[in-house]
Amino acid sequence: MHTGLRITAFAAALAATFGTAYGVGRGVDPIVARSESAPHDGHGESSERPQQRERHGGHGGTPAGGLEISANGYTLDLATPRLAAGRHTELRFTIRDAGGAALTAYQREHDKELHLVIASRDLVTYRHLHPTRAADGTWSTPVELPEAGGYRVFADFTPAGEGAQNLTLGADLAVSGPYEPARPPAPGGIARTDGYQVELAGALRPGKASELKLKVSRAGEPVDDLQPYLGAYGHLVALRSGDLAYLHVHPNGEPGDGTTEPGPEISFTATAPSGGTYRLFLDFRHGGEVRTAAFTVRAGSTPGARESAPATAPEHSDGHGH
């Protein structure tokens, strides 16, 4: 979520074909159609240091996140590995250190100690949540997942301490109930969500940095008064089809830095680690609500002119107010 942030190990995937979405909102197309949405509080500018930003999405050869349950001496201990579809449930987990003790000290990044993303393997359901941490290090958040099937849980955080590296750990989550995988949407350059239209320009290139521009409009008029959300005018999560590799990317510029405007265009610099199909989830805040626009793209090709089928805006939750 930052100036010049790039997707180095740009990756994440959710099985069937790639899908990505970042935030809230249902509408962009079938994949986001079941995402959950809820009001979000406003957030200030990011307190992240430049080196932290680079680790979060830069070009430094950082390995793709979310592929491992343990890394750098830390483990994602998911206490709720199974849920029932359509039921409100409290998801609980702990980040443990190499000695098995619960981690209780984190660096705040983009106004949060930890960002939690849940995505279904068929890419139909997406959640970006901000759980609550208890004094003993246990994290919890209410969640309702509408469809049965396999999901992936991503915990994105940085332990406290000088020189600590940002990590994204991943674990599988099973949701019980009748299951029929959804068909992933075709690649396209236009997405719709909650009455907003977002147009994607630029191409994602394997092994090469490229600029992605996302332009937000409503009722045919450009939206030039986007509101900061977690210290930026937009946030991007990328998932790569096939291995569930994850990357949380942020825009080229931050509110108040003198180089960016509150819309209608949000710019990101990204590098795909390989060719293939990706799904991009953009989170943006307007009118006091966070919404999500999702795109399917193929690394190495230009976004198509065909729109994704409109869908009803999904519910979204950041883990608060439930």
# chains A, B, ... in the order shown; residues from 1 in each chain; ligands from 1

$ select_by_dssp --residues "range 152-253 of chain A" --states "strand (DSSP E or B)" --output "ChimeraX atom specification"
/A:152-157,159,167-176,190-193,196-201,205-206,208,210-218,221-222,227,229,232,235-240,246-249

$ write_last_selection --atoms "C-alpha atoms" --output "PDB file, in the first residue's frame"
ATOM      1  CA  ARG A 152      -7.138 -20.041   1.786  1.00  0.00           C
ATOM      2  CA  VAL A 153      -6.467 -17.808   4.799  1.00  0.00           C
ATOM      3  CA  PHE A 154      -3.644 -15.244   4.510  1.00  0.00           C
ATOM      4  CA  ALA A 155      -2.171 -13.431   7.535  1.00  0.00           C
ATOM      5  CA  ASP A 156      -0.150 -10.371   6.467  1.00  0.00           C
ATOM      6  CA  PHE A 157       1.930  -8.860   9.308  1.00  0.00           C
ATOM      7  CA  PRO A 159       6.640  -8.659  13.978  1.00  0.00           C
ATOM      8  CA  LEU A 167       5.429 -11.912   6.258  1.00  0.00           C
ATOM      9  CA  THR A 168       2.353 -13.392   4.656  1.00  0.00           C
ATOM     10  CA  LEU A 169       1.576 -16.849   6.013  1.00  0.00           C
ATOM     11  CA  GLY A 170      -1.164 -19.033   4.539  1.00  0.00           C
ATOM     12  CA  ALA A 171      -3.325 -21.898   5.760  1.00  0.00           C
ATOM     13  CA  ASP A 172      -6.156 -23.921   4.258  1.00  0.00           C
ATOM     14  CA  LEU A 173      -9.713 -23.513   5.511  1.00  0.00           C
ATOM     15  CA  ALA A 174     -12.502 -26.024   4.813  1.00  0.00           C
ATOM     16  CA  VAL A 175     -16.132 -24.868   4.603  1.00  0.00           C
ATOM     17  CA  SER A 176     -18.716 -27.642   4.760  1.00  0.00           C
ATOM     18  CA  ILE A 190     -13.832  -2.961 -16.947  1.00  0.00           C
ATOM     19  CA  ALA A 191     -15.417  -3.919 -13.631  1.00  0.00           C
ATOM     20  CA  ARG A 192     -18.593  -2.713 -11.921  1.00  0.00           C
ATOM     21  CA  THR A 193     -19.416  -2.673  -8.247  1.00  0.00           C
ATOM     22  CA  TYR A 196     -19.252   2.344  -9.714  1.00  0.00           C
ATOM     23  CA  GLN A 197     -17.254   1.497 -12.810  1.00  0.00           C
ATOM     24  CA  VAL A 198     -13.519   0.895 -12.662  1.00  0.00           C
ATOM     25  CA  GLU A 199     -11.435   0.760 -15.824  1.00  0.00           C
ATOM     26  CA  LEU A 200      -8.059  -0.975 -15.894  1.00  0.00           C
ATOM     27  CA  ALA A 201      -5.317   0.276 -18.223  1.00  0.00           C
ATOM     28  CA  ARG A 205       4.269  -8.360 -17.544  1.00  0.00           C
ATOM     29  CA  PRO A 206       6.227 -11.422 -16.381  1.00  0.00           C
ATOM     30  CA  LYS A 208       9.196  -6.764 -15.798  1.00  0.00           C
ATOM     31  CA  SER A 210       4.788  -2.150 -15.504  1.00  0.00           C
ATOM     32  CA  GLU A 211       2.258   0.452 -14.486  1.00  0.00           C
ATOM     33  CA  LEU A 212      -1.371  -0.428 -13.872  1.00  0.00           C
ATOM     34  CA  LYS A 213      -3.846   2.445 -13.792  1.00  0.00           C
ATOM     35  CA  LEU A 214      -7.347   2.075 -12.419  1.00  0.00           C
ATOM     36  CA  LYS A 215      -9.864   4.829 -13.116  1.00  0.00           C
ATOM     37  CA  VAL A 216     -12.996   5.108 -10.967  1.00  0.00           C
ATOM     38  CA  SER A 217     -16.243   6.636 -12.262  1.00  0.00           C
ATOM     39  CA  ARG A 218     -19.885   6.734 -11.208  1.00  0.00           C
ATOM     40  CA  GLU A 221     -18.658  10.935 -14.187  1.00  0.00           C
ATOM     41  CA  PRO A 222     -15.091  10.541 -12.869  1.00  0.00           C
ATOM     42  CA  GLN A 227     -11.241   8.979   0.519  1.00  0.00           C
ATOM     43  CA  TYR A 229      -8.450   3.959   3.293  1.00  0.00           C
ATOM     44  CA  ALA A 232      -3.934   5.313   0.653  1.00  0.00           C
ATOM     45  CA  HIS A 235      -5.151  -0.978  -2.263  1.00  0.00           C
ATOM     46  CA  LEU A 236      -4.536  -4.006  -4.418  1.00  0.00           C
ATOM     47  CA  VAL A 237      -4.353  -7.713  -3.665  1.00  0.00           C
ATOM     48  CA  ALA A 238      -3.129 -10.077  -6.360  1.00  0.00           C
ATOM     49  CA  LEU A 239      -3.666 -13.827  -6.496  1.00  0.00           C
ATOM     50  CA  ARG A 240      -2.086 -16.119  -9.057  1.00  0.00           C
ATOM     51  CA  TYR A 246      -0.338 -13.773  -2.554  1.00  0.00           C
ATOM     52  CA  LEU A 247       0.795 -10.189  -2.695  1.00  0.00           C
ATOM     53  CA  HIS A 248      -0.642  -7.055  -1.109  1.00  0.00           C
ATOM     54  CA  VAL A 249       0.329  -4.090  -3.271  1.00  0.00           C
TER      55      VAL A 249
END

$ residues_around --residues "range 143-147 of chain A" --least-positions-apart "3" --cutoff "8 Å" --atoms "only C-alpha atoms" --output "PyMOL selection string"
chain A and resi 34+84-91+125+175+177-179+317+319

$ closest_residue --among "A:Ala186, A:Leu116, A:Leu83, A:Leu103" --to "Ala160 in chain A" --atoms "only C-alpha atoms"
A:Leu103

$ residues_around --residues "Ile95 in chain A" --least-positions-apart "6" --cutoff "8 Å" --atoms "only C-alpha atoms" --output "list in words"
Tyr74, Thr75, Leu76, Asp77, Ala102, Leu103, Gly137 and Thr138 of chain A

$ write_last_selection --atoms "N, CA and C atoms" --output "tab-separated table (two decimals), in the first residue's frame"
chain	number	residue	atom	x	y	z
A	74	TYR	N	8.20	-18.11	12.20
A	74	TYR	CA	6.83	-17.83	12.64
A	74	TYR	C	5.86	-18.78	11.95
A	75	THR	N	4.80	-19.15	12.66
A	75	THR	CA	3.82	-20.11	12.15
A	75	THR	C	2.41	-19.58	12.36
A	76	LEU	N	1.57	-19.76	11.35
A	76	LEU	CA	0.15	-19.43	11.46
A	76	LEU	C	-0.58	-20.64	12.04
A	77	ASP	N	-1.07	-20.51	13.26
A	77	ASP	CA	-1.78	-21.58	13.96
A	77	ASP	C	-3.27	-21.28	13.87
A	102	ALA	N	2.98	-17.46	21.63
A	102	ALA	CA	2.15	-16.56	20.82
A	102	ALA	C	2.83	-15.21	20.66
A	103	LEU	N	2.84	-14.70	19.44
A	103	LEU	CA	3.39	-13.39	19.16
A	103	LEU	C	2.40	-12.33	19.64
A	137	GLY	N	-2.40	-12.91	22.64
A	137	GLY	CA	-1.92	-13.10	21.28
A	137	GLY	C	-2.89	-13.80	20.35
A	138	THR	N	-4.07	-14.17	20.85
A	138	THR	CA	-5.07	-14.83	20.01
A	138	THR	C	-5.84	-13.80	19.19

$ atom_distance --atom1 "CA of Pro262 in chain A" --atom2 "CA of Pro228 in chain A"
8.0 Å

$ closest_atom_pairs --of "range 97-125 of chain A" --to "range 268-281 of chain A" --cutoff "12 Å" --atoms "only C-alpha atoms" --output "tab-separated table"
residue	atom	partner	partner_atom	distance
A:Val117	CA	A:Phe281	CA	11.3
A:Ala119	CA	A:Phe281	CA	11.0
A:Arg121	CA	A:Arg279	CA	12.0
A:Asp122	CA	A:Arg279	CA	11.5
A:Leu123	CA	A:Arg279	CA	8.7
A:Val124	CA	A:Arg279	CA	11.3
A:Thr125	CA	A:Phe281	CA	11.6

$ write_last_selection --atoms "N, CA, C and O atoms" --output "PDB file, in the first residue's frame"
ATOM      1  N   VAL A 117      -6.763 -11.900   4.888  1.00  0.00           N
ATOM      2  CA  VAL A 117      -7.504 -12.094   3.645  1.00  0.00           C
ATOM      3  C   VAL A 117      -7.951 -13.547   3.566  1.00  0.00           C
ATOM      4  O   VAL A 117      -7.180 -14.464   3.857  1.00  0.00           O
ATOM      5  N   ALA A 119      -9.909 -16.155   0.824  1.00  0.00           N
ATOM      6  CA  ALA A 119     -10.368 -16.285  -0.554  1.00  0.00           C
ATOM      7  C   ALA A 119     -10.707 -17.738  -0.852  1.00  0.00           C
ATOM      8  O   ALA A 119      -9.991 -18.647  -0.441  1.00  0.00           O
ATOM      9  N   ARG A 121     -11.123 -21.015  -3.250  1.00  0.00           N
ATOM     10  CA  ARG A 121     -10.297 -21.538  -4.334  1.00  0.00           C
ATOM     11  C   ARG A 121     -10.967 -21.400  -5.698  1.00  0.00           C
ATOM     12  O   ARG A 121     -10.294 -21.427  -6.717  1.00  0.00           O
ATOM     13  N   ASP A 122     -12.288 -21.254  -5.712  1.00  0.00           N
ATOM     14  CA  ASP A 122     -12.945 -21.018  -7.001  1.00  0.00           C
ATOM     15  C   ASP A 122     -13.072 -19.518  -7.277  1.00  0.00           C
ATOM     16  O   ASP A 122     -13.662 -19.113  -8.265  1.00  0.00           O
ATOM     17  N   LEU A 123     -12.514 -18.701  -6.372  1.00  0.00           N
ATOM     18  CA  LEU A 123     -12.444 -17.256  -6.546  1.00  0.00           C
ATOM     19  C   LEU A 123     -13.780 -16.539  -6.474  1.00  0.00           C
ATOM     20  O   LEU A 123     -13.900 -15.395  -6.885  1.00  0.00           O
ATOM     21  N   VAL A 124     -14.789 -17.188  -5.950  1.00  0.00           N
ATOM     22  CA  VAL A 124     -16.106 -16.564  -5.877  1.00  0.00           C
ATOM     23  C   VAL A 124     -16.233 -15.697  -4.630  1.00  0.00           C
ATOM     24  O   VAL A 124     -16.908 -14.681  -4.637  1.00  0.00           O
ATOM     25  N   THR A 125     -15.603 -16.091  -3.553  1.00  0.00           N
ATOM     26  CA  THR A 125     -15.744 -15.361  -2.289  1.00  0.00           C
ATOM     27  C   THR A 125     -14.417 -14.753  -1.882  1.00  0.00           C
ATOM     28  O   THR A 125     -13.369 -15.408  -1.944  1.00  0.00           O
TER      29      THR A 125
END

$ atom_distance --atom1 "CA of Ala164 in chain A" --atom2 "CA of Gly234 in chain A"
25.3 Å

$ closest_residue --among "A:Arg291, A:Phe284, A:Glu162, A:Asp224" --to "Gly263 in chain A" --atoms "only C-alpha atoms"
A:Asp224

$ closest_residue --among "A:Tyr233, A:Pro255, A:Asp136, A:Glu261" --to "Val290 in chain A" --atoms "only C-alpha atoms"
A:Tyr233
